[in-house]
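The block underneath contains the structure these notes are about, expressed in structure tokens.
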Amino acid sequence: MSHFISNPQNNPLLVPLAALPVMDYQDFTAEVGKLMADEEAHCANYYAFPLNNRLKFICIVANDREHNLHILSHEQQAEGLTLHSLTAHHPAFHIFEREICENFGVIFDGHHWLKPVRYPHNRARKDYVMDNYPFYSISGEELHEVGVGPVHAGVIEPGHFRFICNGEKVLHLEIQLGYQHRGIEEIMVTAGTGLKYSVLAESIAGDTAVGHSNAYASVFELLAGIVVPDRLQIERAIALELERIAVHFGDMAALCGDVAYQLGQVVNESLRTTIINTTQAWCGNRFGKGLIRPGGSNYPMVQEFTMAMLKTLDSSIKRFSGMSDRIFSMPSVLSRFDGIGVVSPGHARTVGAVGMAARSSGIMRDIRASHAYGAYNSVDYEPALVDTGDVLARALLRRMEVEKSAELILQFIELHSQAESVTSKPVYNAQLIPDSLAISLTEGWRGEICHSVITDSNGNLFHYKIKDPSMHNWLALALAVRDQEISDFPVCNKSFNLSYCGHDL
Amino acid sequence: MLIEEINILRHHGLQYVPDVSRVELTPLFRGKPVISPAISSSEAEILMGLCPTSAISIEGGIQIDLGKCVFCKECQFTCPGKIKFTNDYRMASSYRKGLIINEGEDKPVSVDPAFVRKEIRRMFRKSLKLRQVSAGGDNSCEMELNAAGNVNFDMGRYGIEFVASPRHADGIVVTGPITENMSRALQLTYDAIPNPKLIILVGTDAISGGVFSGSPALRRKFPDNIHVDLYVPGNPAHPLTFINGILDIIGRKA
């Protein structure tokens, strides 16, 4: 066997480093080519890190049909390294090869554009700075450029958008990120201790605090050999679905706001409040910070809370449903959503879109179904799917997913009432299995979150790699606005609602 | 058609918080902590080792610095009965030391008028336009600031609003630990705001760097070199903490 293949539904996954063959680069590219020929496969992460004066590369390919993970690895001398690019044949690798190039100076021969990803403080080329970045340009008398950001009009995170327009029409959008870079992967390893890992994990992207802390808790527990009770797994899944519902409500509000439908905006805003206040009633924080901890919970779900949550959920879903009926039948809303910002299934697959960005373009890609983890193994769940790939599709998908999440929560509560009534306290410090690679995939509300951790021979954290779904999906947004009016950019952007800090790390 | 909307409005009801200064948040909300004087020095040592952001220190007695605290409440779980996070959301202070909670002290964190510049109350009491800049924020503080203007908290009723251009703004609201990559844009935005201007730091990350403190990817010269008018702690800061803090510095009742 040239690479490691997991058993189906083995998520999170532990691989002893000794069980991970080091491949010859040619074999590696050939094998990746074979795996990626399957339409149901996508790259969950591909990254490099320094190991014994060499660079070790890890590539994780997830296959949705076989429900398994393929882990491939190769090692190279870092100095002056040039490799044949995978991106030339598999464009979805573009972001990963760019990241490796930026971090370690590896040149990928055949990559069309080794554009900087986030200007990390420890990048290979310190002479590459944001201020002298040469944006892509097209010359022509009738063309003009529009630069937006990093500081935007609203209260949102920073990023730069450079449009090349012909009149009102966008020919090309280039997105430059990196403003949010906090060095979080590095400080996970250098400054992380016990509790601090958890606090860092929930700060990767605060709007996905539950999703990312779930991914962290899973890898930590796996490495520490902790098996958590079913009851706790169920509570985590409920927290994840509450997070999804809350953000989807908020996104529907933002979408309505962008097309000047104020009733849709304020009603959905208030609905979001009811859900995040439910999370606050559960754990004292509206974003669920502090709720997910490895090994146990400080906030076990109690009967009184469950009843209150069900009541809130029931009334919120009813109100949301009534509001949505109205939103999706209003000509003035539909004309701003329908056919706007289309990402075709082909494009979505090409860029390696995950999560909502994939499922609104007809690609069934959902870790909860394909690589089920924890309590998702015990429920019936069929992801919602829309295939038109426009703003309307992304709005409709949110509506459908809210209903799916509410159904899931009901199933989880049923399981919770049957689960053995054991509670456990969080475990922050534990001996970790040495010389191992641990990977966890979690379907956050945006899509697939991948945390991938390596331990050294003493069982210390040696390398921590985080992938937010936004890594894949930002390019889908850039494609969505091509040939659209620039005035439709805000609504396109909101329909994706991608993370800046999750991308910039 | 219209009937549908009327029905929606009927179910929507009145969502706004009538008095933002007197809300009883859920009992578990992690707000201002109270430290019991009965805490032993060995317990204090344990807590100092536990705190992920070194917010706990001993200076005379044990102290918690809300400008560093990430409100994880682990100190309370470790020493129950000795430390208690109350649901008091009024934690904003006009000076940095005002965020320090001392052992045995149970007085509200408040804005000391002596630290508020006179022109602020004179000029901004009835209308305050703010420009927000996220400099490495994790988007939770940003979402809470948006929520401060939503149908529930509605800070617009006091004339407080976020605006798009720094040229239209009376002050800047900074979130995030201030990354190196955002430091220049933050400075440019600040410089573009006409004088006199307010500087407000929202969230533990902005106030001290929080859990990112010490990261080589940060550049925290901006808040270190400037007079800050208001510190709003939280992880993220609750909309009510923010609104009440602002009302206090502009000298307005809720």
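In the structure tokens, each chain is lettered A, B, ... as it comes, each chain's residues begin at 1, and ligands are numbered from 1 in order of appearance.
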Would you please give, as a PDB file with C-alpha atoms, in the first residue's frame, all residues of range 2-108 of chain B that DSSP assigns to alpha helix (DSSP H) based on the backbone?
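Ended up saving to part35.pdb:
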ATOM      1  CA  LEU B   2     -50.468  42.629   3.171  1.00  0.00           C
ATOM      2  CA  ILE B   3     -52.346  40.328   5.547  1.00  0.00           C
ATOM      3  CA  GLU B   4     -49.361  37.974   5.578  1.00  0.00           C
ATOM      4  CA  GLU B   5     -47.038  40.798   6.590  1.00  0.00           C
ATOM      5  CA  ILE B   6     -49.411  41.964   9.293  1.00  0.00           C
ATOM      6  CA  ASN B   7     -49.494  38.433  10.644  1.00  0.00           C
ATOM      7  CA  ILE B   8     -45.706  38.286  10.632  1.00  0.00           C
ATOM      8  CA  LEU B   9     -45.578  41.591  12.499  1.00  0.00           C
ATOM      9  CA  ARG B  10     -48.094  40.323  15.015  1.00  0.00           C
ATOM     10  CA  HIS B  11     -45.976  37.258  15.774  1.00  0.00           C
ATOM     11  CA  HIS B  12     -42.852  39.405  15.779  1.00  0.00           C
ATOM     12  CA  SER B  41      -2.726  31.611  48.882  1.00  0.00           C
ATOM     13  CA  SER B  42      -2.350  28.013  47.713  1.00  0.00           C
ATOM     14  CA  GLU B  43      -5.682  28.265  45.887  1.00  0.00           C
ATOM     15  CA  ALA B  44      -4.531  31.531  44.361  1.00  0.00           C
ATOM     16  CA  GLU B  45      -1.387  29.831  43.077  1.00  0.00           C
ATOM     17  CA  ILE B  46      -3.455  27.106  41.421  1.00  0.00           C
ATOM     18  CA  LEU B  47      -5.745  29.667  39.794  1.00  0.00           C
ATOM     19  CA  MET B  48      -2.843  31.711  38.486  1.00  0.00           C
ATOM     20  CA  GLY B  49      -1.419  28.591  36.871  1.00  0.00           C
ATOM     21  CA  LEU B  50      -4.783  27.711  35.394  1.00  0.00           C
ATOM     22  CA  GLU B  74     -12.580  27.809  34.873  1.00  0.00           C
ATOM     23  CA  CYS B  75     -11.344  29.579  38.029  1.00  0.00           C
ATOM     24  CA  GLN B  76     -14.861  29.385  39.418  1.00  0.00           C
ATOM     25  CA  PHE B  77     -15.143  25.706  38.509  1.00  0.00           C
ATOM     26  CA  THR B  78     -11.809  25.059  40.228  1.00  0.00           C
TER      27      THR B  78
END
Within 6 Å of chain A: each chain B residue with its shortest pair, only C-alpha atoms, as a tab-separated table:
residue	atom	partner	partner_atom	distance
B:Thr26	CA	A:Ala281	CA	5.6
B:Leu28	CA	A:Gly284	CA	4.6
B:Phe29	CA	A:Gly284	CA	3.8
B:Arg30	CA	A:Gly284	CA	5.4
B:Pro52	CA	A:Lys196	CA	4.9
B:Cys72	CA	A:Gly290	CA	5.8
B:Gln132	CA	A:Val155	CA	5.9
B:Ser134	CA	A:Glu157	CA	5.4
B:Gly136	CA	A:Gln180	CA	4.1
B:Asp138	CA	A:Gly206	CA	4.8
B:Asn139	CA	A:Gly206	CA	5.4
B:Ser140	CA	A:Gly206	CA	4.7
B:Ala164	CA	A:Ala153	CA	4.2
B:Asn181	CA	A:Tyr179	CA	4.7
B:Met182	CA	A:Tyr179	CA	5.0
B:Ala217	CA	A:Arg182	CA	5.2
query = Which residues, written as a VMD selection string, have at least one atom at most 9 Å from range 188-198 of chain B, with only C-alpha atoms counted and residues fewer than 3 positions away on the same chain left out?
reply = (chain A and resid 151) or (chain B and resid 119 to 120 123 130 to 131 133 165 to 173 183 to 185 227 to 230)
Could you write those residues out with N, CA, C and O atoms, as a PDB file, in the first residue's frame?
ATOM      1  N   VAL A 151     -10.836  47.953   5.158  1.00  0.00           N
ATOM      2  CA  VAL A 151     -11.919  48.407   6.030  1.00  0.00           C
ATOM      3  C   VAL A 151     -13.171  48.585   5.166  1.00  0.00           C
ATOM      4  O   VAL A 151     -13.161  49.384   4.230  1.00  0.00           O
TER       5      VAL A 151
ATOM      6  N   GLU B 119     -15.035  67.451  26.348  1.00  0.00           N
ATOM      7  CA  GLU B 119     -15.667  67.695  25.057  1.00  0.00           C
ATOM      8  C   GLU B 119     -16.539  66.524  24.604  1.00  0.00           C
ATOM      9  O   GLU B 119     -17.453  66.686  23.812  1.00  0.00           O
ATOM     10  N   ILE B 120     -16.255  65.335  25.147  1.00  0.00           N
ATOM     11  CA  ILE B 120     -17.032  64.163  24.736  1.00  0.00           C
ATOM     12  C   ILE B 120     -18.485  64.326  25.149  1.00  0.00           C
ATOM     13  O   ILE B 120     -19.404  64.149  24.354  1.00  0.00           O
ATOM     14  N   MET B 123     -20.113  67.298  23.190  1.00  0.00           N
ATOM     15  CA  MET B 123     -20.372  67.192  21.754  1.00  0.00           C
ATOM     16  C   MET B 123     -21.169  65.961  21.342  1.00  0.00           C
ATOM     17  O   MET B 123     -21.860  65.978  20.335  1.00  0.00           O
ATOM     18  N   LEU B 130     -19.941  56.203  14.925  1.00  0.00           N
ATOM     19  CA  LEU B 130     -18.707  55.463  15.168  1.00  0.00           C
ATOM     20  C   LEU B 130     -18.268  54.674  13.939  1.00  0.00           C
ATOM     21  O   LEU B 130     -19.090  54.152  13.193  1.00  0.00           O
ATOM     22  N   ARG B 131     -16.953  54.589  13.766  1.00  0.00           N
ATOM     23  CA  ARG B 131     -16.399  53.750  12.705  1.00  0.00           C
ATOM     24  C   ARG B 131     -15.772  52.535  13.390  1.00  0.00           C
ATOM     25  O   ARG B 131     -14.956  52.696  14.302  1.00  0.00           O
ATOM     26  N   VAL B 133     -13.406  49.181  13.345  1.00  0.00           N
ATOM     27  CA  VAL B 133     -12.330  48.498  12.626  1.00  0.00           C
ATOM     28  C   VAL B 133     -12.015  47.193  13.360  1.00  0.00           C
ATOM     29  O   VAL B 133     -11.737  47.182  14.557  1.00  0.00           O
ATOM     30  N   SER B 165     -18.025  55.721   6.649  1.00  0.00           N
ATOM     31  CA  SER B 165     -16.796  56.477   6.410  1.00  0.00           C
ATOM     32  C   SER B 165     -16.213  57.022   7.703  1.00  0.00           C
ATOM     33  O   SER B 165     -16.939  57.581   8.529  1.00  0.00           O
ATOM     34  N   PRO B 166     -14.905  56.917   7.866  1.00  0.00           N
ATOM     35  CA  PRO B 166     -14.292  57.540   9.050  1.00  0.00           C
ATOM     36  C   PRO B 166     -14.484  59.058   9.046  1.00  0.00           C
ATOM     37  O   PRO B 166     -14.491  59.684  10.106  1.00  0.00           O
ATOM     38  N   ARG B 167     -14.673  59.624   7.856  1.00  0.00           N
ATOM     39  CA  ARG B 167     -14.906  61.072   7.762  1.00  0.00           C
ATOM     40  C   ARG B 167     -16.225  61.484   8.417  1.00  0.00           C
ATOM     41  O   ARG B 167     -16.410  62.638   8.771  1.00  0.00           O
ATOM     42  N   HIS B 168     -17.148  60.552   8.495  1.00  0.00           N
ATOM     43  CA  HIS B 168     -18.447  60.857   9.107  1.00  0.00           C
ATOM     44  C   HIS B 168     -18.463  60.490  10.579  1.00  0.00           C
ATOM     45  O   HIS B 168     -19.476  60.647  11.246  1.00  0.00           O
ATOM     46  N   ALA B 169     -17.357  59.950  11.074  1.00  0.00           N
ATOM     47  CA  ALA B 169     -17.371  59.349  12.406  1.00  0.00           C
ATOM     48  C   ALA B 169     -16.843  60.300  13.474  1.00  0.00           C
ATOM     49  O   ALA B 169     -16.039  61.194  13.203  1.00  0.00           O
ATOM     50  N   ASP B 170     -17.315  60.071  14.696  1.00  0.00           N
ATOM     51  CA  ASP B 170     -16.837  60.819  15.860  1.00  0.00           C
ATOM     52  C   ASP B 170     -15.881  59.979  16.692  1.00  0.00           C
ATOM     53  O   ASP B 170     -15.392  60.422  17.725  1.00  0.00           O
ATOM     54  N   GLY B 171     -15.686  58.751  16.275  1.00  0.00           N
ATOM     55  CA  GLY B 171     -14.810  57.897  17.064  1.00  0.00           C
ATOM     56  C   GLY B 171     -14.587  56.566  16.394  1.00  0.00           C
ATOM     57  O   GLY B 171     -15.223  56.241  15.389  1.00  0.00           O
ATOM     58  N   ILE B 172     -13.654  55.816  16.966  1.00  0.00           N
ATOM     59  CA  ILE B 172     -13.305  54.521  16.384  1.00  0.00           C
ATOM     60  C   ILE B 172     -13.511  53.426  17.431  1.00  0.00           C
ATOM     61  O   ILE B 172     -13.231  53.622  18.610  1.00  0.00           O
ATOM     62  N   VAL B 173     -14.067  52.317  16.969  1.00  0.00           N
ATOM     63  CA  VAL B 173     -14.292  51.154  17.837  1.00  0.00           C
ATOM     64  C   VAL B 173     -13.418  50.027  17.314  1.00  0.00           C
ATOM     65  O   VAL B 173     -13.602  49.575  16.191  1.00  0.00           O
ATOM     66  N   SER B 183      -2.386  46.689  11.071  1.00  0.00           N
ATOM     67  CA  SER B 183      -2.033  47.851  11.887  1.00  0.00           C
ATOM     68  C   SER B 183      -2.018  49.151  11.072  1.00  0.00           C
ATOM     69  O   SER B 183      -2.434  50.194  11.555  1.00  0.00           O
ATOM     70  N   ARG B 184      -1.581  49.066   9.827  1.00  0.00           N
ATOM     71  CA  ARG B 184      -1.501  50.298   9.039  1.00  0.00           C
ATOM     72  C   ARG B 184      -2.901  50.803   8.676  1.00  0.00           C
ATOM     73  O   ARG B 184      -3.196  51.998   8.792  1.00  0.00           O
ATOM     74  N   ALA B 185      -3.770  49.884   8.259  1.00  0.00           N
ATOM     75  CA  ALA B 185      -5.127  50.289   7.901  1.00  0.00           C
ATOM     76  C   ALA B 185      -5.853  50.872   9.110  1.00  0.00           C
ATOM     77  O   ALA B 185      -6.622  51.838   8.991  1.00  0.00           O
ATOM     78  N   HIS B 227      -4.565  57.648  23.886  1.00  0.00           N
ATOM     79  CA  HIS B 227      -5.481  57.718  25.028  1.00  0.00           C
ATOM     80  C   HIS B 227      -6.783  57.016  24.666  1.00  0.00           C
ATOM     81  O   HIS B 227      -7.493  57.417  23.751  1.00  0.00           O
ATOM     82  N   VAL B 228      -7.080  55.946  25.397  1.00  0.00           N
ATOM     83  CA  VAL B 228      -8.303  55.196  25.133  1.00  0.00           C
ATOM     84  C   VAL B 228      -9.423  55.749  26.014  1.00  0.00           C
ATOM     85  O   VAL B 228      -9.227  55.989  27.200  1.00  0.00           O
ATOM     86  N   ASP B 229     -10.582  55.981  25.410  1.00  0.00           N
ATOM     87  CA  ASP B 229     -11.687  56.570  26.172  1.00  0.00           C
ATOM     88  C   ASP B 229     -12.569  55.543  26.857  1.00  0.00           C
ATOM     89  O   ASP B 229     -13.200  55.839  27.867  1.00  0.00           O
ATOM     90  N   LEU B 230     -12.641  54.348  26.258  1.00  0.00           N
ATOM     91  CA  LEU B 230     -13.523  53.347  26.869  1.00  0.00           C
ATOM     92  C   LEU B 230     -13.005  51.941  26.586  1.00  0.00           C
ATOM     93  O   LEU B 230     -12.640  51.626  25.451  1.00  0.00           O
TER      94      LEU B 230
END
Contacts of Ile243 in chain B at 10 Å (only C-alpha atoms; same-chain gap of 3+ positions) as an MDAnalysis selection string = chainID B and resid 20:21 90 92 145 148:149 153:155 158 160 232 238:240 246:248 254
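Here the question is which of A:Asn493, A:Asn460, A:Ser370, A:Ser6 gets nearest to Thr442 in chain A using only C-alpha atoms, and that residue is A:Ser370.
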request  = Could you pull out the residues in range 18-181 of chain B that DSSP calls strand (DSSP E or B) from the backbone, as a ChimeraX atom specification?
outcome  = /B:33-35,56-59,61-65,80,83-85,93,100-102,128-134,160-162,171-175,179
Would you mind exporting the chosen residues as a short mmCIF file (atom, residue, chain, number, x, y, z; two decimals), in the first residue's frame, restricted to N, CA and C atoms?
data_model
loop_
_atom_site.label_atom_id
_atom_site.label_comp_id
_atom_site.auth_asym_id
_atom_site.auth_seq_id
_atom_site.Cartn_x
_atom_site.Cartn_y
_atom_site.Cartn_z
N PRO B 33 -17.01 39.19 37.69
CA PRO B 33 -16.78 38.22 38.77
C PRO B 33 -16.69 38.90 40.14
N VAL B 34 -16.96 38.10 41.16
CA VAL B 34 -16.77 38.53 42.53
C VAL B 34 -15.80 37.54 43.18
N ILE B 35 -14.78 38.07 43.86
CA ILE B 35 -13.77 37.18 44.47
C ILE B 35 -13.94 37.22 45.98
N ILE B 56 -5.34 36.50 36.25
CA ILE B 56 -5.39 36.43 37.71
C ILE B 56 -4.00 36.72 38.27
N SER B 57 -3.94 37.61 39.24
CA SER B 57 -2.64 37.92 39.84
C SER B 57 -2.83 38.23 41.32
N ILE B 58 -1.71 38.30 42.02
CA ILE B 58 -1.79 38.67 43.44
C ILE B 58 -1.11 40.01 43.64
N GLU B 59 -1.87 40.95 44.09
CA GLU B 59 -1.32 42.28 44.36
C GLU B 59 -2.02 42.75 45.63
N GLY B 61 -4.16 41.42 47.53
CA GLY B 61 -5.03 40.24 47.49
C GLY B 61 -5.09 39.73 46.06
N ILE B 62 -5.97 38.78 45.85
CA ILE B 62 -6.09 38.23 44.50
C ILE B 62 -6.93 39.17 43.62
N GLN B 63 -6.53 39.28 42.37
CA GLN B 63 -7.21 40.20 41.45
C GLN B 63 -7.53 39.49 40.14
N ILE B 64 -8.60 39.92 39.50
CA ILE B 64 -8.86 39.47 38.13
C ILE B 64 -8.92 40.71 37.25
N ASP B 65 -8.15 40.68 36.19
CA ASP B 65 -8.12 41.80 35.25
C ASP B 65 -9.08 41.48 34.10
N PRO B 80 -14.98 26.64 43.48
CA PRO B 80 -16.37 27.08 43.60
C PRO B 80 -16.61 27.73 44.96
N ILE B 83 -14.78 32.11 43.82
CA ILE B 83 -14.92 33.07 42.73
C ILE B 83 -16.28 32.83 42.09
N LYS B 84 -16.98 33.90 41.83
CA LYS B 84 -18.28 33.73 41.20
C LYS B 84 -18.46 34.75 40.08
N PHE B 85 -18.72 34.24 38.90
CA PHE B 85 -19.03 35.14 37.79
C PHE B 85 -20.52 35.46 37.85
N SER B 93 -15.25 50.37 31.36
CA SER B 93 -14.58 51.35 32.19
C SER B 93 -13.87 52.38 31.32
N ILE B 100 -9.93 46.17 36.84
CA ILE B 100 -9.36 45.20 37.79
C ILE B 100 -10.32 44.97 38.95
N ILE B 101 -10.68 43.71 39.12
CA ILE B 101 -11.60 43.34 40.20
C ILE B 101 -10.75 42.81 41.36
N ASN B 102 -10.91 43.43 42.51
CA ASN B 102 -10.12 43.02 43.67
C ASN B 102 -10.90 42.05 44.55
N LEU B 128 -23.84 60.24 18.29
CA LEU B 128 -22.48 59.70 18.24
C LEU B 128 -22.37 58.72 17.09
N LYS B 129 -21.53 59.04 16.12
CA LYS B 129 -21.34 58.16 14.97
C LYS B 129 -19.97 57.51 15.10
N LEU B 130 -19.94 56.20 14.93
CA LEU B 130 -18.71 55.46 15.17
C LEU B 130 -18.27 54.67 13.94
N ARG B 131 -16.95 54.59 13.77
CA ARG B 131 -16.40 53.75 12.71
C ARG B 131 -15.77 52.54 13.39
N GLN B 132 -16.15 51.36 12.95
CA GLN B 132 -15.61 50.15 13.56
C GLN B 132 -14.48 49.61 12.70
N VAL B 133 -13.41 49.18 13.34
CA VAL B 133 -12.33 48.50 12.63
C VAL B 133 -12.01 47.19 13.36
N SER B 134 -12.10 46.11 12.61
CA SER B 134 -11.72 44.81 13.15
C SER B 134 -10.28 44.56 12.76
N ILE B 160 -26.80 56.65 18.64
CA ILE B 160 -25.50 55.99 18.46
C ILE B 160 -25.59 55.07 17.25
N GLU B 161 -24.67 55.24 16.31
CA GLU B 161 -24.74 54.45 15.08
C GLU B 161 -23.34 54.19 14.54
N PHE B 162 -23.23 53.10 13.81
CA PHE B 162 -22.00 52.87 13.05
C PHE B 162 -22.15 53.48 11.67
N GLY B 171 -15.69 58.75 16.27
CA GLY B 171 -14.81 57.90 17.06
C GLY B 171 -14.59 56.57 16.39
N ILE B 172 -13.65 55.82 16.97
CA ILE B 172 -13.31 54.52 16.38
C ILE B 172 -13.51 53.43 17.43
N VAL B 173 -14.07 52.32 16.97
CA VAL B 173 -14.29 51.15 17.84
C VAL B 173 -13.42 50.03 17.31
N VAL B 174 -12.46 49.62 18.11
CA VAL B 174 -11.50 48.61 17.65
C VAL B 174 -11.81 47.26 18.28
N THR B 175 -11.85 46.23 17.45
CA THR B 175 -11.95 44.85 17.95
C THR B 175 -10.75 44.07 17.45
N THR B 179 -3.53 42.91 14.58
CA THR B 179 -2.52 42.16 13.84
C THR B 179 -1.57 43.12 13.14
#
ask   = How many Å separate CA of Ser127 in chain B from CA of Val111 in chain B?
value = 19.0 Å
request  = Tell me, in Å to one decimal, how far CA of Lys467 in chain A is from CA of Ser452 in chain A.
outcome  = 8.4 Å
request  = For CA of Arg231 in chain A and CA of Ser405 in chain A, quote the distance in Å rounded to one decimal.
outcome  = 18.2 Å
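Near range 81-92 of chain A, within 8 Å and counting only C-alpha atoms, sit Thr29, Gly33, Met36, Cys43, Gln76, Gln77, Ala78, Ile95, Glu97, Gly105, Val106, Ile107, Phe108, Asp109, Gly110, His111, His112, Arg349, Thr350, Val351, Gly352 and His472 of chain A; same-chain residues fewer than 3 positions away were not included.
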query = Do you know which residues are at most 8 Å from range 427-435 of chain A counting only C-alpha atoms, after dropping those on the same chain fewer than 6 positions away, and could you put them as a ChimeraX atom specification?
reply = /A:16-18,193-195,220,223-225,293-296,454-460
